[in-house]
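Participant: Got a file for you: protein35.tsv, TSV, C-alpha atoms and all ligand atoms.
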chain	number	residue	atom	x	y	z
Z	113	MET	CA	-151.27	105.01	-55.48
Z	114	LYS	CA	-148.50	107.44	-56.39
Z	115	THR	CA	-145.20	106.64	-54.72
Z	116	ILE	CA	-143.08	109.44	-53.37
Z	117	ILE	CA	-139.32	109.79	-53.02
Z	118	VAL	CA	-137.68	112.03	-50.45
Z	119	ALA	CA	-133.91	112.52	-50.65
Z	120	ILE	CA	-132.10	113.74	-47.54
Z	121	ASP	CA	-128.43	114.69	-47.78
Z	122	GLY	CA	-126.11	116.57	-45.50
Z	123	TYR	CA	-123.03	116.63	-43.36
Z	124	SER	CA	-122.24	114.01	-40.74
Z	125	SER	CA	-123.83	114.38	-37.27
Z	126	CYS	CA	-126.62	116.59	-38.58
Z	127	GLY	CA	-129.40	114.36	-37.33
Z	128	LYS	CA	-130.26	113.11	-40.86
Z	129	SER	CA	-131.26	109.63	-39.79
Z	130	THR	CA	-133.50	110.81	-36.92
Z	131	ILE	CA	-135.36	113.15	-39.26
Z	132	ALA	CA	-135.48	110.61	-42.10
Z	133	LYS	CA	-136.92	107.90	-39.83
Z	134	ALA	CA	-139.55	110.24	-38.37
Z	135	LEU	CA	-140.55	111.52	-41.81
Z	136	ALA	CA	-140.78	107.97	-43.19
Z	137	GLN	CA	-143.09	107.04	-40.34
Z	138	TYR	CA	-145.23	110.15	-40.90
Z	139	ALA	CA	-145.40	109.50	-44.66
Z	140	GLY	CA	-145.97	105.73	-44.43
Z	141	ALA	CA	-142.79	105.28	-46.47
Z	142	THR	CA	-139.79	102.95	-46.13
Z	143	TYR	CA	-136.67	104.47	-44.58
Z	144	VAL	CA	-133.37	103.61	-46.32
Z	145	ASP	CA	-130.09	104.40	-44.54
Z	146	THR	CA	-127.52	104.35	-47.36
Z	147	GLY	CA	-124.63	104.98	-44.95
Z	148	ALA	CA	-125.42	101.57	-43.43
Z	149	MET	CA	-124.91	100.00	-46.87
Z	150	TYR	CA	-121.40	101.52	-47.18
Z	151	ARG	CA	-120.73	100.38	-43.61
Z	152	ALA	CA	-121.79	96.79	-44.47
Z	153	ILE	CA	-119.27	96.68	-47.33
Z	154	ALA	CA	-116.64	98.17	-45.01
Z	155	LEU	CA	-117.34	95.40	-42.50
Z	156	TYR	CA	-116.91	92.76	-45.21
Z	157	THR	CA	-113.50	94.20	-46.16
Z	158	LEU	CA	-112.38	94.27	-42.52
Z	159	ARG	CA	-113.53	90.70	-41.87
Z	160	HIS	CA	-111.77	89.44	-45.01
Z	161	GLY	CA	-108.65	91.57	-44.66
Z	162	LEU	CA	-109.22	93.33	-48.00
Z	163	GLN	CA	-107.05	96.43	-47.98
Z	164	ASP	CA	-106.41	97.65	-51.49
Z	165	ASN	CA	-109.15	98.94	-53.79
Z	166	GLU	CA	-108.59	96.20	-56.39
Z	167	SER	CA	-109.37	93.41	-53.94
Z	168	VAL	CA	-112.48	95.26	-52.72
Z	169	ILE	CA	-113.71	95.64	-56.32
Z	170	ALA	CA	-112.96	91.96	-57.07
Z	171	ALA	CA	-115.01	90.91	-54.02
Z	172	LEU	CA	-118.16	92.83	-54.99
Z	173	PRO	CA	-119.81	89.85	-56.78
Z	174	GLN	CA	-119.59	87.94	-53.49
Z	175	ILE	CA	-121.26	90.70	-51.49
Z	176	GLU	CA	-124.99	91.04	-51.06
Z	177	VAL	CA	-126.28	93.98	-49.04
Z	178	GLY	CA	-129.94	94.14	-48.04
Z	179	PHE	CA	-132.37	95.26	-45.38
Z	180	LYS	CA	-134.48	93.33	-42.92
Z	181	ARG	CA	-137.48	94.69	-41.00
Z	182	VAL	CA	-137.12	93.81	-37.32
Z	183	PRO	CA	-139.48	94.55	-34.42
Z	184	VAL	CA	-138.24	97.13	-31.88
Z	185	ILE	CA	-138.70	96.02	-28.27
Z	186	SER	CA	-138.96	98.85	-25.71
Z	187	PRO	CA	-137.31	98.51	-22.24
Z	188	ASP	CA	-140.65	97.37	-20.75
Z	189	GLY	CA	-140.67	94.42	-23.17
Z	190	LYS	CA	-143.43	95.72	-25.45
Z	191	GLN	CA	-143.10	95.93	-29.20
Z	192	ASP	CA	-142.62	99.52	-30.36
Z	193	GLY	CA	-142.78	99.54	-34.17
Z	194	PHE	CA	-140.17	98.24	-36.58
Z	195	ALA	CA	-136.61	99.17	-37.58
Z	196	GLN	CA	-134.68	98.47	-40.78
Z	197	HIS	CA	-131.48	96.53	-40.12
Z	198	VAL	CA	-128.84	96.20	-42.80
Z	199	THR	CA	-127.85	92.67	-43.83
Z	200	LEU	CA	-124.58	91.38	-45.30
Z	201	ASN	CA	-124.98	88.13	-47.24
Z	202	GLY	CA	-128.14	87.51	-45.25
Z	203	GLU	CA	-126.65	88.19	-41.79
Z	204	ASP	CA	-128.10	91.04	-39.70
Z	205	VAL	CA	-124.92	93.11	-39.17
Z	206	GLU	CA	-126.53	96.14	-37.53
Z	207	PRO	CA	-124.79	95.37	-34.17
Z	208	PHE	CA	-121.34	95.55	-35.80
Z	209	ILE	CA	-121.44	98.54	-38.15
Z	210	ARG	CA	-121.71	101.55	-35.80
Z	211	THR	CA	-118.12	101.49	-34.53
Z	212	LEU	CA	-115.51	104.14	-35.29
Z	213	GLU	CA	-113.39	101.52	-37.11
Z	214	VAL	CA	-116.20	100.55	-39.48
Z	215	GLY	CA	-117.16	104.23	-39.94
Z	216	ASN	CA	-113.63	105.14	-40.98
Z	217	ARG	CA	-113.37	102.15	-43.33
Z	218	ALA	CA	-116.79	103.08	-44.81
Z	219	SER	CA	-115.42	106.54	-45.51
Z	220	GLU	CA	-112.56	104.90	-47.46
Z	221	VAL	CA	-114.58	102.34	-49.43
Z	222	SER	CA	-117.15	105.00	-50.32
Z	223	THR	CA	-114.49	106.72	-52.44
Z	224	ILE	CA	-114.22	103.69	-54.79
Z	225	ARG	CA	-116.21	104.31	-57.97
Z	226	GLU	CA	-117.18	100.63	-58.46
Z	227	VAL	CA	-118.48	100.38	-54.89
Z	228	ARG	CA	-120.64	103.46	-55.42
Z	229	ALA	CA	-122.01	102.15	-58.73
Z	230	PHE	CA	-122.80	98.80	-57.07
Z	231	LEU	CA	-124.79	100.42	-54.23
Z	232	VAL	CA	-126.38	103.23	-56.25
Z	233	ALA	CA	-127.97	100.67	-58.63
Z	234	GLN	CA	-129.48	98.88	-55.65
Z	235	GLN	CA	-130.69	102.13	-54.08
Z	236	GLN	CA	-132.36	103.19	-57.32
Z	237	ALA	CA	-134.10	99.81	-57.58
Z	238	MET	CA	-135.59	100.30	-54.10
Z	239	GLY	CA	-137.41	103.41	-55.31
Z	240	THR	CA	-139.22	101.81	-58.22
Z	241	HIS	CA	-142.13	100.20	-56.38
Z	242	GLN	CA	-142.55	101.93	-53.01
Z	243	SER	CA	-142.43	105.33	-51.31
Z	244	ILE	CA	-139.08	105.90	-49.66
Z	245	VAL	CA	-137.20	108.38	-47.54
Z	246	MET	CA	-133.50	107.85	-48.22
Z	247	ASP	CA	-130.62	109.57	-46.48
Z	248	GLY	CA	-126.96	109.82	-47.46
Z	249	ARG	CA	-124.57	112.16	-49.23
Z	250	ASP	CA	-125.48	111.82	-52.93
Z	251	ILE	CA	-129.18	110.99	-52.88
Z	252	GLY	CA	-130.53	114.22	-54.38
Z	253	THR	CA	-127.59	114.63	-56.77
Z	254	VAL	CA	-126.87	111.09	-58.07
Z	255	VAL	CA	-129.28	108.42	-56.80
Z	256	PHE	CA	-132.58	110.27	-57.28
Z	257	PRO	CA	-132.00	113.50	-59.22
Z	258	ASN	CA	-135.79	113.56	-59.82
Z	259	ALA	CA	-136.82	113.04	-56.18
Z	260	ASP	CA	-140.13	114.64	-55.23
Z	261	LEU	CA	-138.52	116.45	-52.30
Z	262	LYS	CA	-134.83	117.07	-51.63
Z	263	LEU	CA	-133.62	118.25	-48.26
Z	264	PHE	CA	-130.10	119.33	-47.43
Z	265	LEU	CA	-129.53	119.30	-43.69
Z	266	THR	CA	-126.81	121.33	-42.13
Z	267	ALA	CA	-125.73	122.77	-38.80
Z	268	ARG	CA	-122.69	124.73	-37.64
Z	269	PRO	CA	-119.68	122.42	-37.03
Z	270	GLU	CA	-119.49	123.52	-33.36
Z	271	VAL	CA	-123.12	122.55	-32.83
Z	272	ARG	CA	-122.62	119.15	-34.50
Z	273	ALA	CA	-119.46	118.54	-32.48
Z	274	GLN	CA	-121.34	119.31	-29.25
Z	275	ARG	CA	-124.13	116.86	-30.21
Z	276	ARG	CA	-121.59	114.15	-31.02
Z	277	PHE	CA	-119.72	114.94	-27.77
Z	278	ASP	CA	-122.96	114.56	-25.74
Z	279	GLU	CA	-123.75	111.28	-27.54
Z	280	LEU	CA	-120.30	109.86	-26.65
Z	281	VAL	CA	-120.69	110.94	-23.01
Z	282	THR	CA	-124.07	109.16	-22.91
Z	283	LYS	CA	-122.30	106.02	-24.17
Z	284	GLY	CA	-119.93	106.25	-21.19
Z	285	GLU	CA	-116.93	107.54	-23.17
Z	286	LYS	CA	-114.70	110.47	-22.16
Z	287	PRO	CA	-114.34	112.56	-25.31
Z	288	VAL	CA	-112.32	115.78	-25.65
Z	289	TYR	CA	-114.45	118.46	-27.30
Z	290	GLU	CA	-111.60	119.90	-29.40
Z	291	GLU	CA	-110.85	116.42	-30.80
Z	292	VAL	CA	-114.49	115.78	-31.64
Z	293	LEU	CA	-114.66	119.14	-33.42
Z	294	ALA	CA	-111.47	118.36	-35.37
Z	295	ASP	CA	-112.99	115.01	-36.40
Z	296	VAL	CA	-116.21	116.70	-37.59
Z	297	ASN	CA	-114.18	119.18	-39.66
Z	298	ALA	CA	-111.99	116.40	-41.12
Z	299	ARG	CA	-115.05	114.33	-42.13
Z	300	ASP	CA	-116.68	117.40	-43.73
Z	301	TYR	CA	-113.53	117.96	-45.73
Z	302	ARG	CA	-113.33	114.31	-46.88
Z	303	ASP	CA	-117.04	114.14	-47.76
Z	304	THR	CA	-116.95	117.33	-49.83
Z	305	HIS	CA	-113.57	116.88	-51.52
Z	306	ARG	CA	-113.56	113.27	-52.73
Z	307	ALA	CA	-113.44	112.74	-56.50
Z	308	GLU	CA	-116.45	110.38	-56.67
Z	309	SER	CA	-119.86	111.94	-55.91
Z	310	PRO	CA	-118.69	114.46	-53.32
Z	311	LEU	CA	-121.28	115.78	-50.89
Z	312	ARG	CA	-122.88	118.86	-52.40
Z	313	GLN	CA	-126.24	120.47	-52.28
Z	314	ALA	CA	-128.54	119.75	-55.24
Z	315	GLU	CA	-129.66	123.00	-56.87
Z	316	ASP	CA	-133.30	122.24	-56.13
Z	317	ALA	CA	-132.74	121.06	-52.53
Z	318	VAL	CA	-134.28	122.92	-49.62
Z	319	VAL	CA	-131.58	123.76	-47.07
Z	320	VAL	CA	-132.53	123.21	-43.45
Z	321	ASP	CA	-129.98	124.60	-40.98
Z	322	ASN	CA	-130.97	123.07	-37.67
Z	323	SER	CA	-128.28	124.76	-35.51
Z	324	ASP	CA	-130.88	126.82	-33.66
Z	325	LEU	CA	-133.99	124.66	-34.11
Z	326	SER	CA	-135.43	122.28	-31.54
Z	327	ARG	CA	-136.17	118.78	-32.77
Z	328	GLU	CA	-139.91	119.64	-32.79
Z	329	GLU	CA	-139.40	122.88	-34.74
Z	330	GLN	CA	-137.28	121.08	-37.31
Z	331	MET	CA	-139.77	118.23	-37.67
Z	332	GLN	CA	-142.66	120.66	-38.14
Z	333	LYS	CA	-140.73	122.51	-40.85
Z	334	ILE	CA	-139.97	119.26	-42.68
Z	335	ILE	CA	-143.54	117.95	-42.39
Z	336	ASP	CA	-144.80	121.27	-43.83
Z	337	LEU	CA	-142.38	120.92	-46.76
Z	338	PHE	CA	-143.49	117.32	-47.29
Z	339	ASN	CA	-147.18	118.26	-47.25
Z	340	GLN	CA	-146.58	121.08	-49.73
Z	341	THR	CA	-144.84	118.52	-51.99
Z	342	ILE	CA	-147.65	115.98	-51.98
Z	343	ASP	CA	-150.29	118.72	-52.46
Z	344	LYS	CA	-148.51	119.97	-55.57
Z	345	PRO	CA	-150.23	118.95	-58.82
Z	346	ASP	CA	-148.06	116.67	-61.06
N	401	LIG	O1	-123.86	108.38	-42.76
N	401	LIG	P1	-122.79	107.39	-42.27
N	401	LIG	O2	-121.81	107.99	-41.28
N	401	LIG	O3	-123.38	106.11	-41.78
N	401	LIG	O4	-121.94	107.06	-43.59
N	401	LIG	C1	-120.82	106.21	-43.55
N	401	LIG	C2	-119.84	106.62	-44.65
N	401	LIG	O5	-120.38	106.36	-45.94
N	401	LIG	C3	-119.48	108.12	-44.62
N	401	LIG	O6	-118.07	108.25	-44.65
N	401	LIG	C4	-120.05	108.71	-45.89
N	401	LIG	C5	-120.32	107.52	-46.77
N	401	LIG	N1	-121.57	107.63	-47.50
N	401	LIG	C6	-121.51	108.00	-48.83
N	401	LIG	O7	-120.41	108.23	-49.35
N	401	LIG	N2	-122.65	108.07	-49.57
N	401	LIG	C7	-123.84	107.83	-49.02
N	401	LIG	N3	-124.94	107.91	-49.76
N	401	LIG	C8	-123.93	107.49	-47.64
N	401	LIG	C9	-122.76	107.41	-46.90
Starting from the coordinates I provided, produce the structure as structure tokens.

Facilitator:
Amino acid sequence: MKTIIVAIDGYSSCGKSTIAKALAQYAGATYVDTGAMYRAIALYTLRHGLQDNESVIAALPQIEVGFKRVPVISPDGKQDGFAQHVTLNGEDVEPFIRTLEVGNRASEVSTIREVRAFLVAQQQAMGTHQSIVMDGRDIGTVVFPNADLKLFLTARPEVRAQRRFDELVTKGEKPVYEEVLADVNARDYRDTHRAESPLRQAEDAVVVDNSDLSREEQMQKIIDLFNQTIDKPD
């Protein structure tokens, strides 16, 4: 059977992972969250007190990043599908990588060329034998320039800040909207201005601005694009 590769890139807080997971499920493909891989390396550097780039690069041979398929248990105790958890030297580190501290460190280590080369090689290997939906910042431009379908997700910064604000409130935090918006703008700037593989739209990517789309409308649009892709003759 022909395998298919979908590359999803875009700004932070655009809902990339929600869409990528749903599309992977629809397509019967494996979902790969590349941000989680950068976060796993960031966690390693924090745990081992590695601060300068040289010591991070020197540690790479001791770092093994992988994924593990774990069952999802719903609140009523029933199994509800599977999720991919990132592993660091065999340990499931998913519970530790979603903090602000690890996110900020991931943003730093992702600027190191050797770290990117290390992870990109692994990401490319994942696409050789299975269908995948991969999300990140450089998937359509660097990791899979020949992906079958490339999506570039975007939304107005104010809309993304509001979503992030609502998420933090749900977690019981007391965010200040203006600060969240400033953070979104700062991350956009960092992601698009770094020297190594900055976030940019691949020329052949389809741009989906979801500022004014409901989740259902967006999903339908993406499923239509996916179906057009697989119906296309080789
Ligand atoms: O998507 P995320 O917030 O989990 O990503 C964490 C950091 O890693 C973020 O600063 C961007 C960076 N990243 C990257 O440089 N390239 C990728 N393919 C994925 C994430």

Participant: Please provide the set of residues having any atom within 8 Å of stretch 319-327 of chain Z, restricted to only C-alpha atoms, with same-chain residues fewer than 6 positions apart removed, written as a list of chain:residue names.

Facilitator: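 Once the adjacent positions are removed, what remains is Z:Cys126, Z:Leu263, Z:Phe264, Z:Leu265, Z:Thr266, Z:Ala267, Z:Arg268, Z:Val271.
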
Participant: May I have the protein, DNA and RNA residues with any atom at most 9 Å from the point (-124.5, 97.0, -47.4), counting all atoms listed in the file, written as a VMD selection string?

Facilitator: chain Z and resid 146 to 156 175 to 179 198 to 201 231

Participant: Around ligand LIG 401 (chain N), out to 7 Å and counting all atoms listed in the file, which residues are there? I want them as a ChimeraX atom specification.

Facilitator: /Z:124,146-148,150-151,215-216,218-219,222-223,247-251,303

Participant: For Z:Arg225, please output as a PyMOL selection string all residues within 10 Å (counting all atoms listed in the file; exclusion window: fewer than 4 positions along the same chain).

Facilitator: chain Z and resi 165+169+221+229-230+307-309

Participant: Choose the residue, out of Z:Leu280, Z:Asn297, Z:Leu261, Z:Thr304, that has the smallest atom-to-atom separation from Z:Gln340; count all atoms listed in the file.

Facilitator: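 Among Z:Leu280, Z:Asn297, Z:Leu261, Z:Thr304, it is Z:Leu261 that comes nearest to Z:Gln340.
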
Participant: Starting from the point (-128.4, 91.9, -36.2), work out which residues of protein, DNA or RNA have an atom no more than 12 Å away when counting only C-alpha atoms; state them as an mmCIF file with C-alpha atoms, keeping the file's coordinate frame.

Facilitator:
data_model
loop_
_atom_site.group_PDB
_atom_site.id
_atom_site.type_symbol
_atom_site.label_atom_id
_atom_site.label_comp_id
_atom_site.auth_asym_id
_atom_site.auth_seq_id
_atom_site.Cartn_x
_atom_site.Cartn_y
_atom_site.Cartn_z
ATOM 1 C CA ALA Z 152 -121.790 96.790 -44.470
ATOM 2 C CA PHE Z 179 -132.370 95.260 -45.380
ATOM 3 C CA LYS Z 180 -134.480 93.330 -42.920
ATOM 4 C CA ARG Z 181 -137.480 94.690 -41.000
ATOM 5 C CA VAL Z 182 -137.120 93.810 -37.320
ATOM 6 C CA PRO Z 183 -139.480 94.550 -34.420
ATOM 7 C CA VAL Z 184 -138.240 97.130 -31.880
ATOM 8 C CA ALA Z 195 -136.610 99.170 -37.580
ATOM 9 C CA GLN Z 196 -134.680 98.470 -40.780
ATOM 10 C CA HIS Z 197 -131.480 96.530 -40.120
ATOM 11 C CA VAL Z 198 -128.840 96.200 -42.800
ATOM 12 C CA THR Z 199 -127.850 92.670 -43.830
ATOM 13 C CA LEU Z 200 -124.580 91.380 -45.300
ATOM 14 C CA GLY Z 202 -128.140 87.510 -45.250
ATOM 15 C CA GLU Z 203 -126.650 88.190 -41.790
ATOM 16 C CA ASP Z 204 -128.100 91.040 -39.700
ATOM 17 C CA VAL Z 205 -124.920 93.110 -39.170
ATOM 18 C CA GLU Z 206 -126.530 96.140 -37.530
ATOM 19 C CA PRO Z 207 -124.790 95.370 -34.170
ATOM 20 C CA PHE Z 208 -121.340 95.550 -35.800
ATOM 21 C CA ILE Z 209 -121.440 98.540 -38.150
ATOM 22 C CA ARG Z 210 -121.710 101.550 -35.800
#

Participant: Could you tell me how far atom CA of Z:Glu279 sits from atom CA of Z:Leu135, in Å to one decimal place?

Facilitator: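 Between these atoms lies a distance of 22.0 Å.
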
Participant: Interatomic distance between atom CA of Z:Gly239 and atom CA of Z:Asp192?

Facilitator: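 One can read the atom CA of Z:Gly239 to atom CA of Z:Asp192 distance as 25.8 Å.
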
Participant: As JSON, please report the centre and edge lengths, rounded to one decimal in Å, of the axis-aligned box that holds all listed atoms of stretch 195-206 of chain Z with 6 Å of padding on each of the six sides.

Facilitator:
{"center_x": -130.6, "center_y": 93.3, "center_z": -42.4, "size_x": 24.0, "size_y": 23.7, "size_z": 21.7}

Participant: Give me, please, the distance in Å between atom CA of Z:Ala317 and atom CA of Z:Ala294, quoted to one decimal.

Facilitator: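 Atom CA of Z:Ala294 lies at a distance of 27.5 Å from atom CA of Z:Ala317.
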